[in-house]
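Structure first, commentary second.
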Amino acid sequence: MDIGHVLTDAVVTRALGAALSVLLLAGAWQKLRDRELFQAAVENYQLVPQSWLAFIATGLSLLELAAGILLLPTSTRPLGASLTGVVLLVVTGAVVINLLRGRTDIDCGCGGLSAHVGEQSLTWALVMRNVLLLAALLLSLSDAEQRPLVWFDYLTVAGTTLALLGLYVAANQLMANQPRLQSLRTH
Amino acid sequence: MNEALIISNILLWAVVLALLVTVLALSRQIGILYERISPMGALMLDQGPKVGDVSPRFNLESLSGASVAVGLSEQKKSQLLFFLSPTCPVCKKLLPILKSISVSERSWLELVFASDGDRPEQVEFYRRVGLTDFPYVLSTELGMAFKVGRLPYAILIGEDGRIRGKGLVNSREQVESLFTAKELGVASVQEFIDQRA
């Protein structure tokens with residue numbers, strides 16, 4: 001059994017899919033609950049005209065919600081994965097444009113599971129994180145040959161999903177800490 | 001043998017997840033520490049003029065050109081000093097709430113917006129979000145005098161020029177808690193609980 005087979009095993013792909021779905025649903029839930037806040041965060045990116053803000057902010061949240069829901073059932077997974085890809089590419093593009101403009105001092109407005117880590121400013125680490133999420137998305141689609149799953153596999157799926165989500169939140173916290181540590185060093 | 005592997009695997013999962021929770025808690029705690037000891041955060045916490053102290057006074061020019069007395073209202077009203085910035089999402093969310101408060105509490109409260117930084121950007125923001133009816137001052141010294149670190153920050157100054165309440169505000173409830181603090185004559189919820197104990 002080589003590493004390629006392990007990475008594309010149904011246990012891995014299912015856990016990745018489930019973890020991504022939870023991330024999207026948590027993000028969408030938080031953005032839709034506090035729409036004014038997300039709208040102000042979108043405004044900070046300075047990419048869309050004022051009159052479009054409400055439409056773009058709500059649209060992006062709903063797209064995220066749809067992607068999260070559709071990613072779970074096997075039948076709708078390809079559609080869910082495409083939507084997830086679109087959401088990730090759009091938001092990462094927005095972050096990259098503002099990084100290149102030098103507007104790093106704004107809150108990323110990421111919300112969701114990383115809402116409690118405090119203010120998260122724009123960094124290249126954020127772009128890296130999204131690239132990793134995209135890689136996870138591609139990997140989650142690659143279970144070509146299915147082996148029959150036994151009860152023990154579901155335990156592994158559940159454990160891996162929880163572990164991935166925990167790692168995601170921890171990584172976000174450390175990313176949010178980094179600029180604060182930097183400002184301590186320079187003062 | 002199989003059973004042994006299954007048990008060992010379950011145990012390992014339990015330990016891995018428990019360790020992950022520990023890592024999460026640790027990184028969160030480090031984050032909170034950074035927030036507290038960063039130069040800006042520390043100033044906000046217990047420093048600056050205290051509740052009950054006489055507020056520092058400033059005569060500043062509003063973006064509209066009018067002069068604004070900060071610290072002691074010329075209209076013999078209380079003054080709510082709201083520190084904000086054009087890039088702070090929570091500040092923007094609170095603006096409609098503050099506007100409605102300024103109408104409902106008009107009889108005793110005067111609202112003053114305060115910020116600092118790039119003037120053209122601030123003027124554009126002030127026009128766009130419809131704050132032209134309010135005094136809006138730009139002053140780094142003002143923020144330093146009150147040791148404002150994080151935004152949105154609000155300070156309630158009584159009609160006698162003494163500070164009645166202050167703090168980081170994220171919601172209507174938190175803004176209104178400043179009014180309650182003034183009515184009850186307490187500095188914070190903690191003090192209120194202590195008094196009742």
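FYI, nothing fancy with the structure tokens labels: chains A, B, ... in order, residues from 1 per chain, ligands from 1 as they appear.
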
*Please, which residues of chain A lie no more than 6 Å from chain B when the count uses only C-alpha atoms, and can they be set out as a PyMOL selection string?*
chain A and resi 36-37+40-41+44+170+177+184

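Residues in contact range of range 114-121 of chain A, defined as at most 6 Å between only C-alpha atoms, with sequence neighbours fewer than 4 positions away removed, read Asp105, Ile106, Asp107, Cys108, Val169, Gln173 and Ala176 of chain A.
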
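Every protein or nucleic acid residue with an atom no more than 10 Å from Gly158 in chain B, counting only C-alpha atoms and leaving out same-chain residues fewer than 2 positions away, appears here: Gly52, Val54, Ser55, Gly71, Leu72, Ser73, Lys76, Lys77, Ser78, Gln79, Leu80, Trp108, Leu109, Ile155, Leu156, Asp160, Gly161, Arg162, Ile163, Arg164, Gly165 and Lys182 of chain B.
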
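Excluding range 65-69 of chain A itself and any same-chain residue fewer than 4 positions from it, the protein and nucleic acid residues within 6 Å of it, counting only C-alpha atoms, are Ser21, Leu24, Leu25, Ala28, Gly80, Leu83 and Thr84 of chain A.
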
Can those selected residues be exported to a file as a PDB file, in the first residue's frame so that it contains all heavy atoms?
ATOM      1  N   SER A  21     -16.951  21.033   4.358  1.00  0.00           N
ATOM      2  CA  SER A  21     -18.363  21.376   4.441  1.00  0.00           C
ATOM      3  C   SER A  21     -18.668  22.108   5.748  1.00  0.00           C
ATOM      4  O   SER A  21     -19.375  23.126   5.748  1.00  0.00           O
ATOM      5  CB  SER A  21     -19.181  20.103   4.332  1.00  0.00           C
ATOM      6  OG  SER A  21     -20.512  20.363   4.576  1.00  0.00           O
ATOM      7  N   LEU A  24     -17.381  25.706   5.519  1.00  0.00           N
ATOM      8  CA  LEU A  24     -18.224  26.565   4.688  1.00  0.00           C
ATOM      9  C   LEU A  24     -19.520  26.914   5.410  1.00  0.00           C
ATOM     10  O   LEU A  24     -19.949  28.065   5.424  1.00  0.00           O
ATOM     11  CB  LEU A  24     -18.541  25.860   3.367  1.00  0.00           C
ATOM     12  CG  LEU A  24     -17.358  25.690   2.417  1.00  0.00           C
ATOM     13  CD1 LEU A  24     -17.665  24.630   1.381  1.00  0.00           C
ATOM     14  CD2 LEU A  24     -17.036  27.015   1.743  1.00  0.00           C
ATOM     15  N   LEU A  25     -20.138  25.893   6.035  1.00  0.00           N
ATOM     16  CA  LEU A  25     -21.414  26.143   6.703  1.00  0.00           C
ATOM     17  C   LEU A  25     -21.241  27.102   7.871  1.00  0.00           C
ATOM     18  O   LEU A  25     -22.043  28.019   8.054  1.00  0.00           O
ATOM     19  CB  LEU A  25     -22.028  24.818   7.186  1.00  0.00           C
ATOM     20  CG  LEU A  25     -22.519  23.898   6.068  1.00  0.00           C
ATOM     21  CD1 LEU A  25     -23.026  22.590   6.641  1.00  0.00           C
ATOM     22  CD2 LEU A  25     -23.624  24.584   5.271  1.00  0.00           C
ATOM     23  N   ALA A  28     -20.717  30.589   6.374  1.00  0.00           N
ATOM     24  CA  ALA A  28     -21.947  31.155   5.827  1.00  0.00           C
ATOM     25  C   ALA A  28     -22.909  31.548   6.945  1.00  0.00           C
ATOM     26  O   ALA A  28     -23.487  32.630   6.934  1.00  0.00           O
ATOM     27  CB  ALA A  28     -22.616  30.136   4.905  1.00  0.00           C
ATOM     28  N   GLY A  80     -21.177  20.767  -5.548  1.00  0.00           N
ATOM     29  CA  GLY A  80     -20.718  21.427  -4.321  1.00  0.00           C
ATOM     30  C   GLY A  80     -19.252  21.795  -4.401  1.00  0.00           C
ATOM     31  O   GLY A  80     -18.844  22.887  -3.990  1.00  0.00           O
ATOM     32  N   LEU A  83     -18.719  24.849  -6.625  1.00  0.00           N
ATOM     33  CA  LEU A  83     -19.083  26.074  -5.918  1.00  0.00           C
ATOM     34  C   LEU A  83     -18.016  26.448  -4.896  1.00  0.00           C
ATOM     35  O   LEU A  83     -17.625  27.602  -4.771  1.00  0.00           O
ATOM     36  CB  LEU A  83     -20.443  25.913  -5.226  1.00  0.00           C
ATOM     37  CG  LEU A  83     -21.663  25.822  -6.128  1.00  0.00           C
ATOM     38  CD1 LEU A  83     -22.937  25.765  -5.299  1.00  0.00           C
ATOM     39  CD2 LEU A  83     -21.715  27.037  -7.045  1.00  0.00           C
ATOM     40  N   THR A  84     -17.539  25.423  -4.157  1.00  0.00           N
ATOM     41  CA  THR A  84     -16.501  25.679  -3.153  1.00  0.00           C
ATOM     42  C   THR A  84     -15.268  26.283  -3.821  1.00  0.00           C
ATOM     43  O   THR A  84     -14.684  27.248  -3.317  1.00  0.00           O
ATOM     44  CB  THR A  84     -16.099  24.367  -2.451  1.00  0.00           C
ATOM     45  OG1 THR A  84     -17.285  23.698  -2.033  1.00  0.00           O
ATOM     46  CG2 THR A  84     -15.220  24.644  -1.246  1.00  0.00           C
TER      47      THR A  84
END

_Using only C-alpha atoms: which of B:Glu183, B:Glu110, B:Asp53, B:Glu3 has the shortest distance to Val68 in chain B_ = B:Glu110

*Contact residues around Leu47 in chain A with only C-alpha atoms at 10 Å, ignoring same-chain residues under 6 positions, as a PyMOL selection string*: chain A and resi 53+94+97-98

*asked:* I need the residue nearest Ala69 in chain B from this list: B:Pro135, B:Pro49, B:Val175, B:Lys99. Use only C-alpha atoms for the distance.
replied: B:Pro135

*Step one, run DSSP on the backbone; step two, keep only residues of range 13-75 of chain A assigned to alpha helix (DSSP H); then write them as a ChimeraX atom specification.*
/A:13-33,35-44,53-70

*Can you list, as a ChimeraX atom specification, all residues belonging to range 57-148 of chain B that DSSP tags as strand (DSSP E)?*
/B:58-61,67-70,78-83,109-115,136-138

*Have a look at CA of Gly143 in chain B and CA of Val112 in chain B and let me know their distance in Å, one decimal.*
13.0 Å

*Could you pull the residues within 7 Å of Tyr136 in chain B, counting only C-alpha atoms, minus those fewer than 3 positions along the same chain, as a PyMOL selection string?*
chain B and resi 62-63+112-114

_For CA of Leu88 in chain A and CA of Ala26 in chain A, the interatomic separation in Å (one decimal)_ = 14.6 Å
